[in-house]
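Asker: model08.txt (compact mmCIF, C-alpha atoms) pasted underneath:
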# COMPACT_ATOMS: atom_id res chain seq x y z
CA MET A 289 8.94 27.02 11.84
CA ARG A 290 8.35 23.26 11.54
CA ILE A 291 8.62 23.41 7.76
CA VAL A 292 11.92 25.27 7.98
CA THR A 293 13.30 22.80 10.51
CA ARG A 294 12.20 19.79 8.45
CA SER A 295 13.61 21.34 5.29
CA LEU A 296 16.92 22.00 7.02
CA ILE A 297 17.10 18.45 8.36
CA LEU A 298 16.24 17.00 4.94
CA PHE A 299 18.87 19.19 3.27
CA LEU A 300 21.53 18.13 5.79
CA ALA A 301 20.64 14.45 5.38
CA MET A 302 20.88 14.70 1.58
CA PHE A 303 24.18 16.57 1.86
CA LEU A 304 25.64 13.94 4.18
CA LEU A 305 24.49 11.09 1.96
CA ALA A 306 25.91 12.74 -1.14
CA SER A 307 29.25 13.44 0.52
CA CYS A 308 29.65 9.90 1.85
CA ASN A 309 30.46 8.48 -1.56
CA LYS A 310 32.64 11.21 -3.01
CA ALA A 311 36.03 10.21 -4.32
CA LEU A 312 38.69 10.84 -1.74
CA LYS A 313 41.34 13.36 -2.67
CA PRO A 314 44.89 12.02 -3.08
CA GLU A 315 46.13 14.11 -0.16
CA VAL A 316 43.86 12.26 2.29
CA LEU A 317 44.94 8.80 1.12
CA PRO A 318 47.49 6.86 3.18
CA THR A 319 50.98 6.92 1.66
CA ASN A 320 50.70 3.30 0.46
CA ILE A 321 47.57 3.98 -1.62
CA THR A 322 48.01 5.86 -4.90
CA MET A 323 45.34 6.55 -7.51
CA GLY A 324 46.23 4.97 -10.85
CA ALA A 325 48.84 2.64 -9.30
CA THR A 326 48.99 -1.10 -9.93
CA TYR A 327 48.39 -3.51 -7.05
CA TYR A 328 47.96 -7.29 -6.75
CA THR A 329 45.04 -9.18 -5.26
CA GLN A 330 46.00 -10.76 -1.94
CA PHE A 331 43.42 -13.54 -2.01
CA VAL A 332 40.91 -15.06 -4.42
CA ILE A 333 38.15 -12.47 -4.73
CA ARG A 334 34.58 -13.53 -5.52
CA TYR A 335 32.21 -11.09 -7.18
CA GLU A 336 28.74 -10.88 -8.69
CA LYS A 337 27.57 -8.31 -11.24
CA GLY A 338 30.93 -6.54 -11.06
CA THR A 339 30.76 -6.09 -7.27
CA HIS A 340 32.65 -7.70 -4.39
CA LEU A 341 31.24 -7.19 -0.90
CA THR A 342 33.86 -7.30 1.85
CA THR A 343 31.40 -9.52 3.70
CA ASN A 344 33.16 -12.04 1.47
CA PHE A 345 30.37 -14.30 0.25
CA ARG A 346 31.62 -17.52 -1.39
CA ARG A 347 29.68 -17.22 -4.63
CA GLY A 348 30.02 -15.69 -8.07
CA ALA A 349 32.95 -15.44 -10.45
CA SER A 350 36.47 -15.26 -9.08
CA ILE A 351 39.58 -13.20 -9.58
CA PRO A 352 42.73 -15.21 -8.81
CA VAL A 353 45.26 -14.20 -6.18
CA ASN A 354 48.12 -12.07 -7.56
CA THR A 355 45.98 -10.60 -10.32
CA PRO A 356 47.19 -7.09 -11.20
CA VAL A 357 44.63 -4.33 -10.73
CA LYS A 358 44.77 -0.58 -11.26
CA LEU A 359 43.19 1.67 -8.61
CA LEU A 360 40.64 3.93 -10.30
CA ASN A 361 38.70 5.42 -7.42
CA ILE A 362 38.28 5.20 -3.68
CA THR A 363 35.56 6.67 -1.49
CA SER A 364 34.84 6.26 2.19
CA LYS A 365 32.85 3.10 1.38
CA THR A 366 34.00 1.79 -2.00
CA ILE A 367 37.07 0.90 -4.01
CA GLU A 368 36.98 0.74 -7.80
CA VAL A 369 39.71 -1.09 -9.70
CA GLU A 370 40.41 -2.08 -13.27
CA VAL A 371 41.12 -5.80 -13.53
CA ASP A 372 43.48 -7.06 -16.26
CA ASN A 373 42.18 -4.67 -18.91
CA PRO A 374 40.28 -1.38 -19.20
CA SER A 375 37.01 -3.16 -20.02
CA GLN A 376 36.79 -5.11 -16.74
CA LYS A 377 36.13 -3.11 -13.62
CA LEU A 378 35.44 -4.31 -10.10
CA LEU A 379 33.60 -2.31 -7.45
CA VAL A 380 34.46 -3.31 -3.89
CA LYS A 381 31.85 -2.30 -1.33
CA ASN A 382 33.24 -2.19 2.18
CA VAL A 383 30.68 -3.54 4.65
CA GLU A 384 32.33 -2.13 7.77
CA LYS A 385 29.92 -3.77 10.24
CA HIS A 386 31.10 -7.18 9.00
CA THR A 387 34.78 -6.40 8.52
CA GLY A 388 35.49 -3.93 11.30
CA ASP A 389 37.68 -2.17 8.73
CA ASP A 390 37.50 1.30 7.28
CA VAL A 391 37.98 1.45 3.51
CA PHE A 392 41.78 1.84 3.84
CA ARG A 393 42.20 -1.27 5.99
CA ALA A 394 39.89 -3.16 3.64
CA PHE A 395 42.06 -2.00 0.73
CA ASN A 396 45.22 -3.25 2.50
CA LYS A 397 43.67 -6.69 3.01
CA LEU A 398 42.54 -6.94 -0.61
CA PHE A 399 45.47 -5.39 -2.48
CA ALA A 400 49.22 -4.84 -2.11
CA LYS A 401 52.16 -3.63 -4.19
CA LYS A 402 53.74 -7.10 -4.06
CA LYS A 403 52.41 -10.48 -5.09
CA ILE A 404 51.82 -13.21 -2.51
CA ASN A 405 54.72 -15.67 -2.47
CA LEU A 406 52.85 -18.88 -3.28
CA SER A 407 55.99 -21.03 -3.05
CA LYS A 408 55.68 -20.94 0.76
CA PHE A 409 52.54 -23.09 0.51
CA THR A 410 52.37 -26.85 0.00
CA ALA A 411 51.26 -28.35 -3.33
CA LEU A 412 47.83 -29.12 -1.79
CA GLU A 413 47.49 -25.52 -0.59
CA ARG A 414 48.51 -24.08 -3.97
CA THR A 415 45.93 -26.26 -5.74
CA GLN A 416 43.19 -25.12 -3.35
CA ILE A 417 44.29 -21.48 -3.70
CA ASP A 418 44.09 -21.80 -7.49
CA ASN A 419 40.55 -23.17 -7.10
CA GLY A 420 39.51 -20.68 -4.41
CA THR A 421 38.58 -23.56 -2.09
CA VAL A 422 39.60 -25.03 1.26
CA ALA A 423 40.75 -28.55 2.12
CA ILE A 424 41.78 -30.43 5.23
CA GLY A 425 45.45 -29.87 6.04
CA MET A 426 45.67 -26.25 4.89
CA SER A 427 47.25 -23.60 7.13
CA LYS A 428 45.35 -20.52 8.26
CA ASP A 429 47.46 -18.35 5.95
CA ALA A 430 46.60 -20.58 2.99
CA VAL A 431 42.89 -20.42 3.84
CA ILE A 432 43.01 -16.61 3.82
CA VAL A 433 44.74 -16.58 0.42
CA ALA A 434 42.25 -19.15 -0.95
CA ILE A 435 38.98 -17.63 0.32
CA GLY A 436 39.75 -14.39 2.15
CA TYR A 437 38.92 -13.24 5.65
CA PRO A 438 35.83 -14.39 7.54
CA PRO A 439 33.41 -11.67 8.69
CA ILE A 440 34.22 -10.43 12.21
CA THR A 441 30.58 -10.70 13.23
CA GLU A 442 31.04 -14.49 13.03
CA THR A 443 34.78 -14.78 13.68
CA PRO A 444 35.98 -11.89 15.84
CA ASN A 445 39.45 -13.38 16.31
CA LEU A 446 41.62 -15.19 13.74
CA ASN A 447 43.29 -17.06 16.62
CA SER A 448 40.04 -18.97 17.02
CA ASN A 449 39.95 -22.64 16.07
CA THR A 450 36.72 -22.15 14.09
CA TRP A 451 36.24 -19.59 11.34
CA VAL A 452 32.70 -18.97 10.12
CA TYR A 453 32.24 -17.83 6.52
CA TRP A 454 29.11 -17.01 4.55
CA SER A 455 28.37 -18.88 1.32
CA GLY A 456 25.57 -16.38 0.74
CA ARG A 457 23.35 -14.09 2.72
CA TYR A 458 21.75 -16.91 4.75
CA ASN A 459 24.17 -19.82 4.36
CA ARG A 460 27.24 -20.32 6.48
CA PHE A 461 30.10 -22.76 6.50
CA ASN A 462 32.65 -23.44 9.22
CA VAL A 463 36.34 -24.10 8.83
CA HIS A 464 37.75 -25.86 11.91
CA PHE A 465 41.45 -25.81 12.78
CA ASN A 466 43.58 -28.04 14.95
CA ASN A 467 47.19 -26.90 15.56
CA GLY A 468 46.80 -24.20 12.89
CA LYS A 469 45.69 -26.63 10.14
CA VAL A 470 42.22 -27.24 8.72
CA SER A 471 40.81 -30.31 10.46
CA LYS A 472 37.18 -30.19 9.35
CA ILE A 473 34.92 -28.22 6.99
CA GLU A 474 31.20 -28.01 7.77
CA ASP A 475 28.69 -26.80 5.20
Here is a file; write its structure as structure tokens.

Answerer:
Amino acid sequence: MRIVTRSLILFLAMFLLASCNKALKPEVLPTNITMGATYYTQFVIRYEKGTHLTTNFRRGASIPVNTPVKLLNITSKTIEVEVDNPSQKLLVKNVEKHTGDDVFRAFNKLFAKKKINLSKFTALERTQIDNGTVAIGMSKDAVIVAIGYPPITETPNLNSNTWVYWSGRYNRFNVHFNNGKVSKIED
């Protein structure tokens, strides 16, 4: 009896693990997400070895804001896009415990049908956005476009005057705001 029970539990666990990463069928996707459609990056995305973690570490190569991408695949935990050309692919792994977002909300933060209107930002902000960096005087909106969203485990509320980002797994940096503008950056 024990062997049967253990076998059944093992089978169920393997089935659940295998089904977690299956491509989602088009009929279960929200209406704003279409397989094969072109979208634009909504902030500067950093990636390593072809993968971007939604934890949003500040290291690796970058993909500029407003870069066109083609949606190739989406599962309950990942998003795969083609960047610029068929030879460059990016795998986005949604780390829900750090974003608080399911894969669809993560998608909506990362990509949209329209480009970000960069003309609404100051010259300083546009320069920092181009570089994927932050500088004193930037607005909260400009910081998000330049480096993305901070993990909710460190910054549960974007109304906060301090946003905590991760440079890497163990390194953090703080962006302090005063009246909605960056007042200090602590590494």

Asker: Which value, in Å to one decimal, gives the distance between CA of Glu370 (chain A) and CA of Leu317 (chain A)?

Answerer: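 CA of Leu317 (chain A) lies 18.6 Å from CA of Glu370 (chain A).
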
Asker: Can you work out the spacing between CA of Gly425 (chain A) and CA of Phe395 (chain A) in Å, to one decimal?

Answerer: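 About the pair CA of Gly425 (chain A) and CA of Phe395 (chain A): they are 28.6 Å apart.
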
Asker: What does the distance from CA of Glu474 (chain A) to CA of Leu406 (chain A) come to in Å, to one decimal?

Answerer: 26.0 Å

Asker: I need the residue nearest Ser455 (chain A) from this list: A:Tyr327, A:Tyr335, A:Phe345, A:Phe409. Use only C-alpha atoms for the distance.

Answerer: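 Of all the options, A:Phe345 lies closest to Ser455 (chain A).
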
Asker: So which residues touch Asp429 (chain A) within 10 Å, counting only C-alpha atoms, skipping near sequence neighbours fewer than 6 positions away, as a PyMOL selection string?

Answerer: chain A and resi 409+413+436-437+468-469

Asker: Could you tell me which of A:Ile473, A:Val357, A:Ile404, A:Ala411 comes closest to Ile424 (chain A) if we count all atoms listed in the file?

Answerer: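 Under the stated criterion, the closest residue is A:Ile473.
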
Asker: Which protein, DNA or RNA residues have an atom at most 9 Å from (41.1, 1.1, -16.9), counting only C-alpha atoms? List them as an MDAnalysis selection string.

Answerer: chainID A and resid 324 357:360 369:377

Asker: Within 9 Å of (30.8, -7.7, 2.6), all atoms listed in the file: residues as a list of chain:residue names?

Answerer: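 Checking each residue against the 9 Å limit leaves A:His340, A:Leu341, A:Thr342, A:Thr343, A:Asn344, A:Phe345, A:Val380, A:Lys381, A:Asn382, A:Val383, A:Glu384, A:Lys385, A:His386, A:Thr387, A:Pro439.
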
Asker: Any chance you can output those residues with C-alpha atoms as a PDB file, in the frame of the given file?

Answerer:
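out22.pdb was written with the following content:
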ATOM      1  CA  HIS A 340      32.650  -7.700  -4.390  1.00  0.00           C
ATOM      2  CA  LEU A 341      31.240  -7.190  -0.900  1.00  0.00           C
ATOM      3  CA  THR A 342      33.860  -7.300   1.850  1.00  0.00           C
ATOM      4  CA  THR A 343      31.400  -9.520   3.700  1.00  0.00           C
ATOM      5  CA  ASN A 344      33.160 -12.040   1.470  1.00  0.00           C
ATOM      6  CA  PHE A 345      30.370 -14.300   0.250  1.00  0.00           C
ATOM      7  CA  VAL A 380      34.460  -3.310  -3.890  1.00  0.00           C
ATOM      8  CA  LYS A 381      31.850  -2.300  -1.330  1.00  0.00           C
ATOM      9  CA  ASN A 382      33.240  -2.190   2.180  1.00  0.00           C
ATOM     10  CA  VAL A 383      30.680  -3.540   4.650  1.00  0.00           C
ATOM     11  CA  GLU A 384      32.330  -2.130   7.770  1.00  0.00           C
ATOM     12  CA  LYS A 385      29.920  -3.770  10.240  1.00  0.00           C
ATOM     13  CA  HIS A 386      31.100  -7.180   9.000  1.00  0.00           C
ATOM     14  CA  THR A 387      34.780  -6.400   8.520  1.00  0.00           C
ATOM     15  CA  PRO A 439      33.410 -11.670   8.690  1.00  0.00           C
TER      16      PRO A 439
END

Asker: Here is a test: counting all atoms listed in the file, which residue of A:Lys403, A:Thr326, A:Asn447, A:Gln416 is nearest to Val431 (chain A)?

Answerer: A:Gln416

Asker: From the options A:Leu378, A:Ala423, A:Ile367, A:Ile333, which residue's atoms come nearest to Ser350 (chain A), counting all atoms listed in the file?

Answerer: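 Residue with the minimum atom-to-atom distance to Ser350 (chain A): A:Ile333.
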